[in-house]
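Visitor: Just structure.txt, nothing more (compact mmCIF, C-alpha atoms and all ligand atoms):
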```
# COMPACT_ATOMS: atom_id res chain seq x y z
CA MET W 1 16.98 -3.59 66.56
CA ALA W 2 15.86 -1.01 64.00
CA ALA W 3 18.30 -2.51 61.54
CA TRP W 4 16.71 -5.93 61.97
CA ILE W 5 13.25 -4.56 61.33
CA GLY W 6 14.61 -2.81 58.27
CA LEU W 7 16.09 -6.06 57.01
CA ILE W 8 12.90 -7.97 57.62
CA LEU W 9 10.84 -5.35 55.82
CA MET W 10 13.26 -5.42 52.94
CA ALA W 11 13.05 -9.21 52.74
CA ILE W 12 9.27 -9.03 52.70
CA ALA W 13 9.36 -6.40 49.98
CA ILE W 14 11.73 -8.48 47.87
CA PHE W 15 9.74 -11.62 48.44
CA SER W 16 6.42 -10.08 47.48
CA LYS W 17 8.01 -8.47 44.42
CA GLY W 18 9.28 -11.91 43.47
CA ALA W 19 5.84 -13.41 43.87
CA GLU W 20 4.47 -10.70 41.64
CA GLY W 21 7.18 -11.45 39.12
CA ARG W 22 5.75 -14.91 38.77
CA ARG W 23 2.85 -14.45 36.44
CA ASP W 24 -0.12 -13.05 38.27
CA GLU W 25 -3.06 -14.12 36.11
CA VAL W 26 -5.24 -11.12 36.93
CA LEU W 27 -2.44 -8.83 35.84
CA TYR W 28 -1.28 -10.69 32.76
CA CYS W 29 -4.72 -11.62 31.53
CA SER W 30 -5.94 -8.05 31.98
CA ALA W 31 -2.89 -6.63 30.24
CA CYS W 32 -3.33 -9.03 27.34
CA VAL W 33 -7.01 -8.20 26.91
CA ALA W 34 -6.23 -4.49 27.23
CA ILE W 35 -3.64 -4.72 24.45
CA ALA W 36 -6.18 -6.36 22.14
CA ASP W 37 -8.81 -3.73 23.04
CA GLU W 38 -6.54 -0.75 22.64
CA LEU W 39 -5.28 -1.94 19.28
CA SER W 40 -8.79 -2.74 17.99
CA TYR W 41 -9.89 0.70 19.06
CA SER W 42 -6.95 2.47 17.39
CA ILE W 43 -7.51 0.51 14.20
CA SER W 44 -11.20 1.42 14.20
CA GLN W 45 -10.28 5.11 14.34
CA ILE W 46 -8.48 4.99 11.01
CA ASP W 47 -10.21 5.58 7.70
CA PRO W 48 -10.59 2.08 6.18
CA LYS W 49 -10.25 3.59 2.70
CA LYS W 50 -6.63 4.55 3.37
CA THR W 51 -4.32 1.93 1.95
CA VAL W 52 -0.59 1.47 1.56
CA ASN W 53 1.37 -0.29 -1.16
CA VAL W 54 3.09 -3.42 -0.01
CA GLY W 55 5.19 -3.92 -3.13
CA GLY W 56 4.36 -6.11 -6.08
CA PHE W 57 1.35 -6.26 -8.34
CA ARG W 58 -1.92 -8.07 -8.53
CA LEU W 59 -3.24 -9.49 -11.80
CA ASN W 60 -6.88 -8.55 -12.40
CA PRO W 61 -9.36 -10.88 -14.14
CA ASP W 62 -9.30 -8.57 -17.19
CA GLY W 63 -5.54 -8.97 -17.50
CA SER W 64 -4.60 -5.54 -16.15
CA MET W 65 -2.30 -5.07 -13.19
CA THR W 66 -2.80 -3.09 -10.02
CA GLU W 67 -0.39 -2.44 -7.23
CA LYS W 68 -0.87 -4.64 -4.18
CA THR W 69 -2.22 -2.67 -1.25
CA VAL W 70 -3.42 -3.37 2.26
CA PRO W 71 -5.51 -1.18 4.56
CA LEU W 72 -3.18 1.28 6.30
CA ALA W 73 -4.69 0.51 9.70
CA ARG W 74 -3.74 -3.15 9.44
CA SER W 75 -0.42 -2.74 7.70
CA GLU W 76 2.55 -4.20 9.51
CA THR W 77 4.31 -0.86 9.89
CA HIS W 78 1.26 0.76 11.39
CA LEU W 79 0.68 -2.13 13.79
CA SER W 80 4.30 -2.01 14.95
CA GLU W 81 3.90 1.70 15.63
CA LEU W 82 0.76 1.08 17.65
CA LEU W 83 2.51 -1.65 19.61
CA ASP W 84 5.30 0.75 20.51
CA GLY W 85 2.86 3.01 22.32
CA VAL W 86 0.16 0.67 23.51
CA CYS W 87 1.58 0.09 27.01
CA ASN W 88 1.48 3.83 27.77
CA ASN W 89 -2.29 3.48 27.65
CA MET W 90 -2.22 1.18 30.66
CA SER W 91 -2.28 4.31 32.83
CA ASP W 92 -5.95 4.60 31.80
CA TYR W 93 -6.68 1.28 33.54
CA ALA W 94 -7.27 0.43 37.17
CA LEU W 95 -8.13 -2.60 39.25
CA TYR W 96 -11.83 -3.30 39.10
CA GLU W 97 -13.97 -5.55 41.25
CA ASP W 98 -17.03 -7.02 39.64
CA PRO W 99 -19.93 -6.11 41.96
CA ASP W 100 -21.60 -9.50 41.49
CA THR W 101 -18.82 -12.06 41.16
CA LYS W 102 -16.22 -10.09 43.18
CA GLU W 103 -13.69 -11.07 40.56
CA HIS W 104 -10.82 -8.72 39.89
CA SER W 105 -9.51 -7.47 36.59
CA TYR W 106 -7.99 -4.28 35.29
CA LYS W 107 -10.39 -2.17 33.27
CA ARG W 108 -10.21 1.09 31.41
CA PHE W 109 -11.57 3.85 33.62
CA ALA W 110 -10.63 6.80 31.44
CA PRO W 111 -13.34 7.50 28.90
CA ARG W 112 -12.47 7.73 25.23
CA SER W 113 -13.56 10.80 23.34
CA SER W 114 -15.99 8.62 21.38
CA ASP W 115 -17.80 7.71 24.63
CA GLY W 116 -18.86 11.34 24.77
CA GLY W 117 -16.75 11.75 27.92
CA ASN W 118 -18.95 9.37 29.90
CA PHE W 119 -17.19 8.19 33.01
CA PRO W 120 -17.81 4.65 34.17
CA ASP W 121 -19.08 3.91 37.64
CA PHE W 122 -16.02 4.58 39.79
CA LYS W 123 -17.21 2.87 42.92
CA ASN W 124 -16.09 -0.56 41.74
CA PHE W 125 -12.58 0.60 40.90
CA LYS W 126 -9.79 0.30 43.40
CA PHE W 127 -7.31 3.03 42.73
CA ALA W 128 -4.09 1.93 44.36
CA GLY W 129 -1.89 4.83 43.39
CA PRO W 130 0.62 4.55 40.57
CA GLU W 131 1.80 1.02 41.51
CA GLY W 132 -1.33 -0.57 40.07
CA SER W 133 -0.97 0.83 36.60
CA ASP W 134 2.84 0.48 36.73
CA SER W 135 2.59 -3.25 37.23
CA LEU W 136 -0.02 -3.45 34.49
CA LYS W 137 2.34 -1.52 32.23
CA PHE W 138 5.16 -3.89 33.06
CA ALA W 139 2.96 -6.91 32.27
CA CYS W 140 1.94 -5.20 29.03
CA GLU W 141 5.56 -4.64 27.98
CA THR W 142 6.44 -8.24 28.76
CA ILE W 143 3.54 -9.50 26.65
CA VAL W 144 4.28 -7.18 23.74
CA GLU W 145 7.87 -8.39 23.74
CA GLU W 146 6.87 -12.05 23.82
CA LEU W 147 3.93 -11.97 21.47
CA GLU W 148 4.72 -9.17 19.03
CA GLU W 149 4.63 -11.45 16.00
CA ASP W 150 1.42 -13.19 17.04
CA ILE W 151 -0.25 -9.88 17.73
CA ILE W 152 0.74 -8.45 14.36
CA SER W 153 -0.31 -11.53 12.46
CA LEU W 154 -3.71 -11.74 14.20
CA PHE W 155 -4.42 -8.11 13.42
CA THR W 156 -3.18 -8.16 9.83
CA ARG W 157 -5.46 -11.12 9.16
CA GLU W 158 -8.43 -9.22 10.56
CA GLU W 159 -9.30 -12.09 12.83
CA GLN W 160 -12.47 -12.01 14.90
CA HIS W 161 -12.25 -12.41 18.67
CA VAL W 162 -8.63 -11.35 18.78
CA ALA W 163 -8.54 -11.10 22.57
CA LEU W 164 -9.82 -14.64 22.96
CA LYS W 165 -7.32 -16.00 20.42
CA LEU W 166 -4.37 -14.02 21.72
CA CYS W 167 -4.96 -14.26 25.45
CA SER W 168 -6.37 -17.74 25.77
CA GLU W 169 -5.47 -19.86 22.76
CA VAL W 170 -2.09 -18.45 21.74
CA SER W 171 -0.60 -17.38 25.06
CA GLY W 172 -2.66 -18.91 27.85
CA HIS W 173 -2.48 -15.68 29.86
CA CYS W 174 -6.20 -15.97 30.54
CA LYS W 175 -6.90 -19.47 31.64
CA SER W 176 -10.11 -19.00 33.48
CA SER W 177 -12.11 -16.14 34.77
CA VAL W 178 -12.49 -13.43 32.15
CA PHE W 179 -13.46 -15.77 29.37
CA GLN W 180 -15.89 -17.85 31.31
CA HIS W 181 -17.78 -14.76 32.27
CA GLY W 182 -18.25 -13.86 28.67
CA GLU W 183 -16.47 -10.54 28.76
CA LEU W 184 -14.88 -11.03 25.38
C1 LIG W 201 -4.32 4.99 23.51
O1 LIG W 201 -5.44 5.70 23.94
C2 LIG W 201 -5.75 6.83 23.14
C3 LIG W 201 -6.92 7.54 23.81
O2 LIG W 201 -8.05 6.73 23.89
C4 LIG W 201 -6.10 6.38 21.75
O3 LIG W 201 -6.37 7.48 20.92
C5 LIG W 201 -4.95 5.59 21.16
O4 LIG W 201 -5.33 5.08 19.93
C6 LIG W 201 -4.54 4.46 22.11
N1 LIG W 201 -3.30 3.87 21.62
C7 LIG W 201 -3.18 2.61 21.27
C8 LIG W 201 -1.87 2.20 20.74
O5 LIG W 201 -4.09 1.81 21.35
```
Any chance you could give the structure as structure tokens?

Guide:
Amino acid sequence: MAAWIGLILMAIAIFSKGAEGRRDEVLYCSACVAIADELSYSISQIDPKKTVNVGGFRLNPDGSMTEKTVPLARSETHLSELLDGVCNNMSDYALYEDPDTKEHSYKRFAPRSSDGGNFPDFKNFKFAGPEGSDSLKFACETIVEELEEDIISLFTREEQHVALKLCSEVSGHCKSSVFQHGEL
């Protein structure tokens, strides 16, 4: 008897894991938007005057040559480094329910030092233990793996509305909710 119950519970666990493995839009859309936000924030923290040489020279109008440089923050090497760590930041996110629309998304709950340590209103967050941010982290890693080149090229080109481009136009992870409610 107990063995049967065990089996049934296991089957349910496997089945619900499988359902989660199919792309849950709340999870994947949130993870995608979070990646864009975290990267934009990290880039904004770097002195825009810092540049790196990218090899080659540029011809100036007066005929002189200068080495070709790009802003360090948006250089490909720096962006790849940021991408390596970005999913660790998903532990700063939790499931959030919009008090008006009741829609769910994952939002950053941990304040950044530049917010002056202001905590958001916790009552709309649903802290579900580590599983919540673990599944967000997994979605994040999947997206980074799939979209690494798109992410790097959007950020090196200093595109506006990166989240919208990346998460709706390029990848389709956000098909509906977040964008229609003008969160981006
Ligand atoms: C992760 O969060 C920390 C703290 O806000 C921030 O300093 C860092 O730039 C973030 N990392 C990435 C890759 O966005």

Visitor: Using all atoms listed in the file, which protein or nucleic acid residues are at most 7 Å from ligand LIG 201 (chain W), as a compact mmCIF listing (two decimals) with C-alpha atoms, keeping the file's coordinate frame?

Guide:
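Result saved to result-v5.txt:
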```txt
# COMPACT_ATOMS: atom_id res chain seq x y z
CA GLU W 38 -6.54 -0.75 22.64
CA LEU W 39 -5.28 -1.94 19.28
CA TYR W 41 -9.89 0.70 19.06
CA SER W 42 -6.95 2.47 17.39
CA LEU W 82 0.76 1.08 17.65
CA LEU W 83 2.51 -1.65 19.61
CA GLY W 85 2.86 3.01 22.32
CA VAL W 86 0.16 0.67 23.51
CA ASN W 89 -2.29 3.48 27.65
CA ARG W 112 -12.47 7.73 25.23
CA SER W 113 -13.56 10.80 23.34
```

Visitor: In terms of the shortest atom-to-atom distance over only C-alpha atoms, which of W:Ala31, W:Ala36, W:Lys102, W:Phe125 is closest to His161 in chain W?

Guide: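 Among the listed residues, the smallest separation from His161 in chain W belongs to W:Ala36.
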
Visitor: Mind giving me the straight-line distance from CA of His104 in chain W to CA of Gln45 in chain W in Å, one decimal?

Guide: 29.1 Å

Visitor: To one decimal place, how far is CA of Phe109 in chain W from CA of Cys32 in chain W in Å?

Guide: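 If I compute the distance from CA of Phe109 in chain W to CA of Cys32 in chain W, I get 16.5 Å.
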
Visitor: Would you compute the distance between CA of Ala139 in chain W and CA of Tyr28 in chain W? Give it in Å to one decimal.

Guide: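 Taking CA of Ala139 in chain W and CA of Tyr28 in chain W, their separation equals 5.7 Å.
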
Visitor: Which residues of range 38-110 of chain W come within 12 Å of range 129-134 of chain W, and for each one, what is the closest pair of atoms and their distance in Å to one decimal, counting all atoms listed in the file, sorted by chain and residue number, as a Markdown table?

Guide:
```
| residue | atom | partner | partner_atom | distance |
| --- | --- | --- | --- | --- |
| W:Cys87 | CA | W:Asp134 | CA | 9.8 |
| W:Asn88 | CA | W:Ser133 | CA | 9.6 |
| W:Asn89 | CA | W:Ser133 | CA | 9.4 |
| W:Met90 | CA | W:Ser133 | CA | 6.1 |
| W:Ser91 | CA | W:Ser133 | CA | 5.3 |
| W:Asp92 | CA | W:Ser133 | CA | 7.9 |
| W:Tyr93 | CA | W:Ser133 | CA | 6.5 |
| W:Ala94 | CA | W:Ser133 | CA | 6.3 |
| W:Leu95 | CA | W:Gly132 | CA | 7.1 |
| W:Tyr96 | CA | W:Gly132 | CA | 10.9 |
| W:Ser105 | CA | W:Gly132 | CA | 11.3 |
| W:Tyr106 | CA | W:Ser133 | CA | 8.8 |
| W:Lys107 | CA | W:Ser133 | CA | 10.4 |
| W:Arg108 | CA | W:Ser133 | CA | 10.6 |
| W:Phe109 | CA | W:Ser133 | CA | 11.4 |
```

Visitor: With all atoms listed in the file as the atoms that count, which of W:Leu147, W:Ile35, W:Ile46, W:Leu154 lies nearest to Glu76 in chain W?

Guide: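 Looking at the shortest contact to Glu76 in chain W, the residue is W:Leu154.
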